[in-house]
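Q: So that you have it, the file is entry.cif, and it contains mmCIF, C-alpha atoms:
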```cif
data_entry
#
loop_
_atom_site.label_atom_id
_atom_site.label_comp_id
_atom_site.auth_asym_id
_atom_site.auth_seq_id
_atom_site.Cartn_x
_atom_site.Cartn_y
_atom_site.Cartn_z
CA MET F 227 0.74 14.19 -15.30
CA ARG F 228 4.08 15.41 -13.97
CA ASN F 229 2.30 17.45 -11.31
CA LEU F 230 0.28 14.38 -10.34
CA MET F 231 3.44 12.33 -9.87
CA ILE F 232 5.06 15.11 -7.82
CA LEU F 233 1.91 15.25 -5.68
CA ALA F 234 2.06 11.45 -5.27
CA ALA F 235 5.66 11.68 -4.07
CA VAL F 236 4.80 14.45 -1.60
CA LEU F 237 1.90 12.38 -0.28
CA VAL F 238 4.17 9.32 0.15
CA GLY F 239 6.56 11.43 2.19
CA LEU F 240 3.73 12.86 4.26
CA GLY F 241 2.33 9.39 4.92
CA THR F 242 5.73 8.16 6.12
CA TYR F 243 6.10 11.19 8.37
CA MET F 244 2.61 10.68 9.83
CA ALA F 245 3.32 7.01 10.53
CA GLN F 246 6.48 8.01 12.40
CA MET F 247 4.55 10.60 14.40
CA ALA F 248 1.85 8.04 15.26
CA GLU F 249 4.56 5.70 16.50
CA LYS F 250 5.91 8.39 18.84
CA MET F 251 2.43 9.21 20.15
CA SER F 252 1.37 5.61 20.85
CA PRO F 253 2.87 3.21 23.38
CA ALA F 254 5.22 0.62 21.89
CA PRO F 255 3.92 -2.93 21.48
CA ALA F 256 4.65 -5.18 24.43
CA SER F 257 6.81 -7.51 22.37
CA ALA F 258 8.57 -6.27 19.26
CA SER F 259 9.32 -9.82 18.17
CA ALA F 260 5.71 -10.94 18.31
CA SER F 261 3.67 -10.44 15.16
CA PRO F 262 0.24 -9.20 16.23
CA ALA F 263 -2.62 -10.84 14.39
CA GLN F 264 -4.85 -8.95 12.03
CA THR F 265 -8.51 -8.99 12.83
CA VAL F 266 -11.13 -9.52 10.16
CA ALA F 267 -14.64 -8.78 11.33
CA GLN F 268 -18.06 -8.62 9.79
CA ALA F 269 -19.27 -5.09 10.55
CA SER F 270 -22.98 -4.38 10.43
CA SER F 271 -22.51 -2.58 7.11
CA GLY F 272 -19.74 -4.73 5.60
CA ARG F 273 -16.37 -6.38 6.17
CA SER F 274 -13.73 -4.75 8.32
CA LEU F 275 -9.99 -5.41 8.66
CA ASP F 276 -7.92 -4.20 11.64
CA ILE F 277 -4.18 -4.03 10.98
CA PRO F 278 -1.94 -3.48 14.04
CA ARG F 279 1.25 -1.42 13.87
CA ASP F 280 4.47 -3.36 13.53
CA ALA F 281 7.61 -2.67 15.60
CA ARG F 282 8.56 0.15 13.18
CA GLY F 283 5.15 1.79 13.51
CA HIS F 284 4.04 0.73 10.03
CA PHE F 285 0.92 -1.14 9.02
CA GLN F 286 1.93 -4.33 7.19
CA THR F 287 -0.55 -6.77 5.71
CA ASP F 288 -0.66 -9.62 3.25
CA GLY F 289 -2.96 -9.48 0.27
CA HIS F 290 -3.47 -11.34 -2.98
CA ILE F 291 -3.23 -10.23 -6.59
CA ASP F 292 -4.28 -12.85 -9.14
CA GLY F 293 -4.09 -15.46 -6.39
CA GLN F 294 -0.46 -14.62 -5.52
CA ARG F 295 0.41 -13.49 -2.00
CA VAL F 296 1.80 -9.96 -1.85
CA ASN F 297 2.94 -8.12 1.28
CA PHE F 298 1.87 -4.47 1.50
CA MET F 299 2.64 -1.53 3.72
CA VAL F 300 -0.48 0.61 4.04
CA ASP F 301 0.50 4.12 2.95
CA THR F 302 -2.26 6.72 3.15
CA GLY F 303 0.18 9.23 1.69
CA ALA F 304 0.70 7.28 -1.54
CA SER F 305 -1.67 8.20 -4.36
CA LEU F 306 -1.41 4.79 -6.01
CA VAL F 307 -0.64 1.20 -5.17
CA ALA F 308 3.08 0.77 -5.86
CA LEU F 309 4.70 -2.61 -6.51
CA ASN F 310 8.32 -3.54 -6.93
CA GLU F 311 9.29 -5.56 -10.00
CA LYS F 312 9.92 -8.78 -8.06
CA SER F 313 6.41 -8.80 -6.60
CA ALA F 314 4.76 -7.81 -9.88
CA ALA F 315 6.57 -10.61 -11.73
CA ARG F 316 5.10 -13.22 -9.35
CA PHE F 317 1.66 -12.65 -10.86
CA GLY F 318 2.88 -12.23 -14.43
CA LEU F 319 3.27 -8.46 -14.64
CA ARG F 320 6.61 -7.75 -16.33
CA PRO F 321 6.62 -4.27 -17.90
CA SER F 322 9.04 -3.71 -20.78
CA ARG F 323 11.61 -0.92 -20.44
CA SER F 324 9.51 1.30 -22.73
CA ASP F 325 6.56 0.97 -20.27
CA TYR F 326 8.58 2.86 -17.64
CA ASN F 327 7.39 6.27 -18.78
CA ALA F 328 5.87 7.75 -15.60
CA THR F 329 8.19 9.95 -13.57
CA VAL F 330 7.85 9.48 -9.81
CA THR F 331 9.61 11.51 -7.15
CA THR F 332 10.47 9.45 -4.08
CA ALA F 333 12.51 10.03 -0.94
CA ASN F 334 15.45 8.55 -2.87
CA GLY F 335 15.04 10.85 -5.86
CA THR F 336 13.25 10.76 -9.20
CA ILE F 337 12.62 7.38 -10.82
CA LYS F 338 10.72 6.01 -13.81
CA ALA F 339 7.73 3.76 -13.16
CA ALA F 340 5.35 1.72 -15.30
CA ARG F 341 1.63 2.42 -15.00
CA THR F 342 -0.75 -0.52 -14.77
CA ARG F 343 -4.24 -1.46 -13.62
CA LEU F 344 -4.79 -4.43 -11.34
CA ALA F 345 -8.01 -6.37 -11.89
CA LYS F 346 -8.44 -7.27 -8.22
CA ILE F 347 -6.67 -6.91 -4.88
CA GLU F 348 -7.88 -9.10 -2.02
CA LEU F 349 -6.98 -8.14 1.52
CA GLY F 350 -8.31 -10.11 4.48
CA GLY F 351 -11.75 -10.60 2.96
CA LEU F 352 -11.88 -7.14 1.39
CA VAL F 353 -11.96 -7.19 -2.42
CA VAL F 354 -11.28 -4.12 -4.57
CA ARG F 355 -11.39 -4.25 -8.37
CA ASP F 356 -9.79 -2.13 -11.10
CA VAL F 357 -7.02 -0.59 -9.04
CA ASP F 358 -4.54 1.84 -10.63
CA ALA F 359 -0.95 0.98 -9.74
CA LEU F 360 2.70 1.60 -10.58
CA VAL F 361 5.55 -0.86 -10.94
CA LEU F 362 8.89 0.52 -9.76
CA PRO F 363 12.36 -1.01 -10.05
CA ASP F 364 13.29 -3.19 -7.07
CA GLU F 365 16.12 -0.86 -6.09
CA ALA F 366 13.67 2.06 -5.85
CA LEU F 367 10.96 0.31 -3.83
CA SER F 368 11.76 -2.22 -1.13
CA GLU F 369 8.17 -2.58 0.13
CA ASN F 370 4.94 -2.66 -1.86
CA LEU F 371 2.68 0.24 -0.95
CA LEU F 372 -1.08 0.03 -0.59
CA GLY F 373 -2.02 3.57 -1.57
CA LEU F 374 -5.15 5.61 -2.13
CA SER F 375 -6.06 3.97 -5.44
CA PHE F 376 -7.04 0.98 -3.25
CA LEU F 377 -8.00 2.76 -0.01
CA SER F 378 -10.30 5.31 -1.65
CA LYS F 379 -12.50 2.47 -2.98
CA LEU F 380 -13.28 1.34 0.57
CA LYS F 381 -16.18 2.64 2.64
CA ARG F 382 -13.66 4.00 5.15
CA PHE F 383 -10.13 3.74 6.42
CA GLU F 384 -8.83 5.28 9.60
CA TYR F 385 -6.22 5.10 12.30
CA ALA F 386 -7.91 4.20 15.59
CA ASN F 387 -6.64 2.72 18.86
CA GLY F 388 -3.20 1.95 17.46
CA LYS F 389 -4.61 0.10 14.43
CA MET F 390 -5.38 0.87 10.83
CA VAL F 391 -9.04 0.05 10.25
CA LEU F 392 -10.23 -0.71 6.73
CA GLU F 393 -13.94 -1.21 6.07
CA GLN F 394 -15.80 -2.21 2.94
#
```
Would you mind writing the file out in structure tokens?
A:
Amino acid sequence: MRNLMILAAVLVGLGTYMAQMAEKMSPAPASASASPAQTVAQASSGRSLDIPRDARGHFQTDGHIDGQRVNFMVDTGASLVALNEKSAARFGLRPSRSDYNATVTTANGTIKAARTRLAKIELGGLVVRDVDALVLPDEALSENLLGLSFLSKLKRFEYANGKMVLEQ
């Protein structure tokens, strides 16, 4: 399990690095203050969600867990969905201190996290069930990460034309 958590941390770092590289390779958005709209489309084989890069070069999107709105940063380098305590508490997930038994290595060092499974994450018409996740202390995770435990349950996800494309 320790090796899995180390691998997860390495993948998070790699995802962040790749997002920064994508930002350098693509032209900057015309207006950094404007918030580009996400596009939800019905593809011939299923639903598709296009998420544009924000001014930092990240892919931010709103989703829902148990009917509560949660903001995510798409992180293809993160093995699992990662939530901070404040966000998790909004939909009733409040791990006890003894639940924080998973060791996670982040850019800010090693931290303890609580494992959980989310019944359903909804994202712009896409619905994924039974998603493995971690809850991290607020000071260790400022943004919720939409990692591979969600993304790998989709038909496809890719970076194309300056957007992250998710298809179910």
Q: If we count all atoms listed in the file and set the cut-off at 9 Å, which residues sit around Arg341 (chain F), ignoring sequence neighbours fewer than 6 positions away in its own chain? Please answer as JSON, numbers by chain.
A: {"F": [321, 325, 326, 327, 328, 358, 359, 360, 361]}
Q: Store the residues picked out above, limited to C-alpha atoms, as a PDB file, in the frame of the given file.
A:
```
ATOM      1  CA  PRO F 321       6.620  -4.270 -17.900  1.00  0.00           C
ATOM      2  CA  ASP F 325       6.560   0.970 -20.270  1.00  0.00           C
ATOM      3  CA  TYR F 326       8.580   2.860 -17.640  1.00  0.00           C
ATOM      4  CA  ASN F 327       7.390   6.270 -18.780  1.00  0.00           C
ATOM      5  CA  ALA F 328       5.870   7.750 -15.600  1.00  0.00           C
ATOM      6  CA  ASP F 358      -4.540   1.840 -10.630  1.00  0.00           C
ATOM      7  CA  ALA F 359      -0.950   0.980  -9.740  1.00  0.00           C
ATOM      8  CA  LEU F 360       2.700   1.600 -10.580  1.00  0.00           C
ATOM      9  CA  VAL F 361       5.550  -0.860 -10.940  1.00  0.00           C
TER      10      VAL F 361
END
```
Q: Rank nothing, just name the residue among F:Glu384, F:Asp301, F:Asp292, F:Asp280 nearest to Leu371 (chain F), using all atoms listed in the file.
A: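 Among the listed residues, F:Asp301 lies closest to Leu371 (chain F).
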Q: What is the distance, in Å and to one decimal place, between CA of Leu349 (chain F) and CA of Asp288 (chain F)?
A: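 Between CA of Leu349 (chain F) and CA of Asp288 (chain F) the gap is 6.7 Å.
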Q: Between F:Ile277, F:Leu377, F:Ala308, F:Val353, which residue has the minimum interatomic distance to Thr332 (chain F), considering only C-alpha atoms?
A: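 Under the stated criterion, the closest residue is F:Ala308.
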Q: Pull out every residue that the PyMOL selection byres ((chain F and resi 380) around 8) matches in the shown coordinates and put them as a list in words.
A: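 When the PyMOL selection byres ((chain F and resi 380) around 8) is applied to the shown file, the picked residues are Val354, Phe376, Leu377, Ser378, Lys379, Lys381, Arg382, Phe383, Leu392, Glu393 and Gln394 of chain F.
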